[in-house]
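A.B. asks: Structure provided below as structure tokens; questions to follow.
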Amino acid sequence: MTASSSAEAAMAALSPAPRRSRETLIAAIAFLLFAALPPVASAMNDTFLVFFAIRVMVFAIAAVSLSLILGFGALVSFGHAAYLGLGAYSVAILAEHGYWDVTISLPVTLLVCGLFAAVTGAISLKTRGVYFIMITLAFGQMAYYTATSLSAYGGDDGLTMWGRTEIFGSSVLGDRTTFYYVVLGVLLLSYVVARMIVASRFGRVLQGAKQSEMRLRAIGIDPYWYRLVAYVIAGMMAGLAGALLANAAEFVSPAYMSWHRSGELIVMVVLGGLGSLAGSIVGAATFLVLEEVLAHFTEHWRLIFGPLLVLVVLFGKGGLTAMLGGGRKNG
């Protein structure tokens, strides 16, 4: 047996056999529901429902990106919302200077988030456990306080965008329904890309490092670089979600990148189920729906939501996706 085949066999042993069919069904149902929502909302003459669903899909993209490193790489990043804010500010600052087209804003957003993730990830991934959590929190707060100090771009008050990003000079995203389906398309693309990564050899190494880093090193694989690449991909994906969030709200704020937001993203992933990409979408939707509903009853809605989350974690092993029959492995 060659060294390569030995490595493949070891990684296969570290990762349980995939159980994808039910998770695929859950994801398909979620996407079909999203796709059918605008006509239903139009028939009900309910514009809020569309805007709320856009927000759900944007945070679902961010949750999927975090799930890639948290659920499959055991990297608990408490600064992931920094990329949400960096993506939003990249689009808004370019718009402030007259650069509205996606051919400029998209590459800049991905470059800014990718570079920030590469630099901070290269340092953070030298640590483990609580040290990794604290250093990602520190980098996230550094980005947050940098944004609050940008007085030329609104500082702590945020920055208003007077329109949405253009596509080759066209303002098609100004139409609510068009923008809705663009966000849905980005969510679908993010889910498919993340799932391809998880199912690839790269993804098996990432999951193998989560199970036993020592075994991977024993067969000549250094998981550090795999983790760093996954960290950069997750950061760029979250930055894309931030760019969409800026366009949806036509406003950006330092609050987008606060540690509270990072905590909410972690809750979305855990609520949906660790190791489940479909679960991240379900978790994001559930979290935001509960937030919206419970907030109508009390401003202290987290006091109600907290025990509900504890019950899901204790009795729904694998989160909501497992409770729905989707299993825990491989989104």
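Residues in the structure tokens are numbered from 1 in each chain, the chains being A, B, ... in the order shown, and ligands are numbered from 1 in the order shown.
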Considering only C-alpha atoms, give me a table of residues in segment 125-196 of chain A that are at most 12 Å from segment 43-49 of chain A, with the closest atom pair and distance in Å for each, as CSV.
C.D. replies:
residue,atom,partner,partner_atom,distance
A:Arg176,CA,A:Thr47,CA,9.3
A:Thr177,CA,A:Thr47,CA,10.2
A:Tyr180,CA,A:Leu49,CA,11.2
A.B. asks: Can those selected residues be exported to a file as a PDB file, in the first residue's frame so that it contains C-alpha atoms?
C.D. replies:
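Heads up, here's the output in part-v6.pdb:
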ATOM      1  CA  ARG A 176     -36.941  44.160  -4.242  1.00  0.00           C
ATOM      2  CA  THR A 177     -37.864  40.835  -5.843  1.00  0.00           C
ATOM      3  CA  TYR A 180     -34.337  38.753  -3.102  1.00  0.00           C
TER       4      TYR A 180
END
A.B. asks: So that each row is one residue of segment 197-235 of chain A with an atom at most 8 Å from segment 69-82 of chain A, can you give its shortest atom pair and the distance in Å to one decimal, using only C-alpha atoms, rows by chain and rising number, as a Markdown table?
C.D. replies:
| residue | atom | partner | partner_atom | distance |
| --- | --- | --- | --- | --- |
| A:Val198 | CA | A:Phe72 | CA | 7.7 |
| A:Gly203 | CA | A:Phe72 | CA | 7.9 |
| A:Leu206 | CA | A:Gly73 | CA | 5.5 |
| A:Gln207 | CA | A:Phe72 | CA | 5.3 |
| A:Ala209 | CA | A:Gly73 | CA | 7.1 |
| A:Lys210 | CA | A:Gly73 | CA | 5.4 |
| A:Arg227 | CA | A:Gly73 | CA | 7.3 |
| A:Ala230 | CA | A:Ile69 | CA | 6.5 |
| A:Tyr231 | CA | A:Ile69 | CA | 6.4 |
| A:Ala234 | CA | A:Ile69 | CA | 7.0 |
| A:Gly235 | CA | A:His80 | CA | 7.2 |
A.B. asks: What does the file look like for those residues with all heavy atoms, as a PDB file, in the first residue's frame?
C.D. replies:
ATOM      1  N   VAL A 198     -16.495  20.184   1.959  1.00  0.00           N
ATOM      2  CA  VAL A 198     -16.595  19.179   3.019  1.00  0.00           C
ATOM      3  C   VAL A 198     -16.442  17.765   2.467  1.00  0.00           C
ATOM      4  O   VAL A 198     -15.817  16.899   3.088  1.00  0.00           O
ATOM      5  CB  VAL A 198     -17.940  19.321   3.761  1.00  0.00           C
ATOM      6  CG1 VAL A 198     -18.188  18.138   4.681  1.00  0.00           C
ATOM      7  CG2 VAL A 198     -17.966  20.620   4.560  1.00  0.00           C
ATOM      8  N   GLY A 203     -11.715  18.527   2.689  1.00  0.00           N
ATOM      9  CA  GLY A 203     -12.675  18.477   3.786  1.00  0.00           C
ATOM     10  C   GLY A 203     -12.427  17.308   4.719  1.00  0.00           C
ATOM     11  O   GLY A 203     -12.617  17.424   5.928  1.00  0.00           O
ATOM     12  N   LEU A 206      -9.684  18.244   7.010  1.00  0.00           N
ATOM     13  CA  LEU A 206     -10.197  19.190   8.005  1.00  0.00           C
ATOM     14  C   LEU A 206     -10.936  18.455   9.124  1.00  0.00           C
ATOM     15  O   LEU A 206     -10.733  18.726  10.314  1.00  0.00           O
ATOM     16  CB  LEU A 206     -11.125  20.187   7.317  1.00  0.00           C
ATOM     17  CG  LEU A 206     -11.493  21.468   8.080  1.00  0.00           C
ATOM     18  CD1 LEU A 206     -10.246  22.298   8.358  1.00  0.00           C
ATOM     19  CD2 LEU A 206     -12.498  22.281   7.271  1.00  0.00           C
ATOM     20  N   GLN A 207     -11.775  17.503   8.730  1.00  0.00           N
ATOM     21  CA  GLN A 207     -12.511  16.722   9.725  1.00  0.00           C
ATOM     22  C   GLN A 207     -11.607  15.746  10.465  1.00  0.00           C
ATOM     23  O   GLN A 207     -11.812  15.470  11.648  1.00  0.00           O
ATOM     24  CB  GLN A 207     -13.643  15.960   9.031  1.00  0.00           C
ATOM     25  CG  GLN A 207     -14.713  16.881   8.439  1.00  0.00           C
ATOM     26  CD  GLN A 207     -15.717  16.115   7.593  1.00  0.00           C
ATOM     27  OE1 GLN A 207     -16.614  15.466   8.101  1.00  0.00           O
ATOM     28  NE2 GLN A 207     -15.575  16.197   6.274  1.00  0.00           N
ATOM     29  N   ALA A 209      -8.498  16.343  11.236  1.00  0.00           N
ATOM     30  CA  ALA A 209      -7.782  17.138  12.229  1.00  0.00           C
ATOM     31  C   ALA A 209      -8.648  17.380  13.455  1.00  0.00           C
ATOM     32  O   ALA A 209      -8.154  17.448  14.589  1.00  0.00           O
ATOM     33  CB  ALA A 209      -7.354  18.468  11.624  1.00  0.00           C
ATOM     34  N   LYS A 210      -9.944  17.484  13.244  1.00  0.00           N
ATOM     35  CA  LYS A 210     -10.891  17.655  14.351  1.00  0.00           C
ATOM     36  C   LYS A 210     -10.925  16.392  15.214  1.00  0.00           C
ATOM     37  O   LYS A 210     -10.988  16.469  16.447  1.00  0.00           O
ATOM     38  CB  LYS A 210     -12.282  17.953  13.783  1.00  0.00           C
ATOM     39  CG  LYS A 210     -13.402  17.987  14.810  1.00  0.00           C
ATOM     40  CD  LYS A 210     -14.745  18.197  14.120  1.00  0.00           C
ATOM     41  CE  LYS A 210     -15.900  18.110  15.113  1.00  0.00           C
ATOM     42  NZ  LYS A 210     -17.219  18.273  14.433  1.00  0.00           N
ATOM     43  N   ARG A 227      -6.383  24.175   7.703  1.00  0.00           N
ATOM     44  CA  ARG A 227      -7.213  25.014   8.551  1.00  0.00           C
ATOM     45  C   ARG A 227      -7.156  26.476   8.127  1.00  0.00           C
ATOM     46  O   ARG A 227      -8.169  27.181   8.133  1.00  0.00           O
ATOM     47  CB  ARG A 227      -6.767  24.872  10.014  1.00  0.00           C
ATOM     48  CG  ARG A 227      -7.192  23.567  10.666  1.00  0.00           C
ATOM     49  CD  ARG A 227      -6.532  23.398  12.023  1.00  0.00           C
ATOM     50  NE  ARG A 227      -7.127  22.302  12.786  1.00  0.00           N
ATOM     51  CZ  ARG A 227      -6.524  21.668  13.763  1.00  0.00           C
ATOM     52  NH1 ARG A 227      -5.284  22.016  14.108  1.00  0.00           N
ATOM     53  NH2 ARG A 227      -7.138  20.702  14.411  1.00  0.00           N
ATOM     54  N   ALA A 230      -9.231  26.965   4.994  1.00  0.00           N
ATOM     55  CA  ALA A 230     -10.655  26.920   5.354  1.00  0.00           C
ATOM     56  C   ALA A 230     -11.064  28.208   6.064  1.00  0.00           C
ATOM     57  O   ALA A 230     -12.160  28.740   5.836  1.00  0.00           O
ATOM     58  CB  ALA A 230     -10.933  25.714   6.245  1.00  0.00           C
ATOM     59  N   TYR A 231     -10.189  28.717   6.919  1.00  0.00           N
ATOM     60  CA  TYR A 231     -10.461  29.956   7.655  1.00  0.00           C
ATOM     61  C   TYR A 231     -10.602  31.136   6.695  1.00  0.00           C
ATOM     62  O   TYR A 231     -11.497  31.977   6.864  1.00  0.00           O
ATOM     63  CB  TYR A 231      -9.309  30.198   8.634  1.00  0.00           C
ATOM     64  CG  TYR A 231      -9.588  31.236   9.696  1.00  0.00           C
ATOM     65  CD1 TYR A 231     -10.276  30.907  10.857  1.00  0.00           C
ATOM     66  CD2 TYR A 231      -9.144  32.547   9.544  1.00  0.00           C
ATOM     67  CE1 TYR A 231     -10.523  31.849  11.842  1.00  0.00           C
ATOM     68  CE2 TYR A 231      -9.388  33.503  10.523  1.00  0.00           C
ATOM     69  CZ  TYR A 231     -10.076  33.144  11.666  1.00  0.00           C
ATOM     70  OH  TYR A 231     -10.324  34.087  12.628  1.00  0.00           O
ATOM     71  N   ALA A 234     -13.900  30.762   4.733  1.00  0.00           N
ATOM     72  CA  ALA A 234     -15.027  31.122   5.593  1.00  0.00           C
ATOM     73  C   ALA A 234     -15.121  32.636   5.766  1.00  0.00           C
ATOM     74  O   ALA A 234     -16.217  33.206   5.766  1.00  0.00           O
ATOM     75  CB  ALA A 234     -14.885  30.438   6.953  1.00  0.00           C
ATOM     76  N   GLY A 235     -13.976  33.292   5.920  1.00  0.00           N
ATOM     77  CA  GLY A 235     -13.967  34.741   6.064  1.00  0.00           C
ATOM     78  C   GLY A 235     -14.472  35.455   4.825  1.00  0.00           C
ATOM     79  O   GLY A 235     -15.243  36.418   4.909  1.00  0.00           O
TER      80      GLY A 235
END
A.B. asks: Ranking A:Ile233, A:Ile133, A:Ala53, A:Gly208 by minimum distance to Leu33 of chain A and counting only C-alpha atoms, which one comes first?
C.D. replies: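 Closest to Leu33 of chain A, using only C-alpha atoms: A:Ala53.
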A.B. asks: To one decimal place, how far is atom CA of Tyr89 of chain A from atom CA of Ala284 of chain A in Å?
C.D. replies: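 Straight-line distance from atom CA of Tyr89 of chain A to atom CA of Ala284 of chain A works out to 22.3 Å.
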A.B. asks: Can you work out which one of A:Ser190, A:Ser280, A:Ser258, A:Thr286 has the shortest atom-to-atom distance to Gly140 of chain A, counting only C-alpha atoms?
C.D. replies: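 Ranked by minimum distance to Gly140 of chain A, first place goes to A:Ser258.
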A.B. asks: Based on DSSP run over this structure's backbone, return all residues of segment 10-198 of chain A in strand (DSSP E or B), as a list of chain:residue names.
C.D. replies: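 Listing strand (DSSP E or B) positions across segment 10-198 of chain A yields A:Asp101, A:Leu159, A:Thr160, A:Glu166, A:Ile167, A:Ser170.
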A.B. asks: Grab the residues selected above and save them as a compact mmCIF listing (two decimals), in the first residue's frame with N, CA and C atoms.
C.D. replies:
# COMPACT_ATOMS: atom_id res chain seq x y z
N ASP A 101 -20.38 49.72 -8.89
CA ASP A 101 -20.55 48.51 -9.70
C ASP A 101 -19.98 47.27 -9.00
N LEU A 159 -22.93 54.35 8.52
CA LEU A 159 -22.86 55.01 7.22
C LEU A 159 -24.04 54.59 6.35
N THR A 160 -24.73 55.57 5.79
CA THR A 160 -25.89 55.29 4.94
C THR A 160 -25.47 55.13 3.49
N GLU A 166 -24.65 48.30 -8.22
CA GLU A 166 -25.08 48.14 -9.61
C GLU A 166 -24.40 46.92 -10.24
N ILE A 167 -25.04 46.36 -11.24
CA ILE A 167 -24.47 45.23 -11.98
C ILE A 167 -24.23 45.68 -13.42
N SER A 170 -26.17 48.69 -14.34
CA SER A 170 -27.62 48.60 -14.24
C SER A 170 -28.04 48.54 -12.77
A.B. asks: From the set A:Gly279, A:Gly319, A:Pro254, A:Gly306, which residue has the shortest atom-to-atom contact distance to Ser149 of chain A, counting only C-alpha atoms?
C.D. replies: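 Once distances to Ser149 of chain A are computed over only C-alpha atoms, the minimum belongs to A:Pro254.
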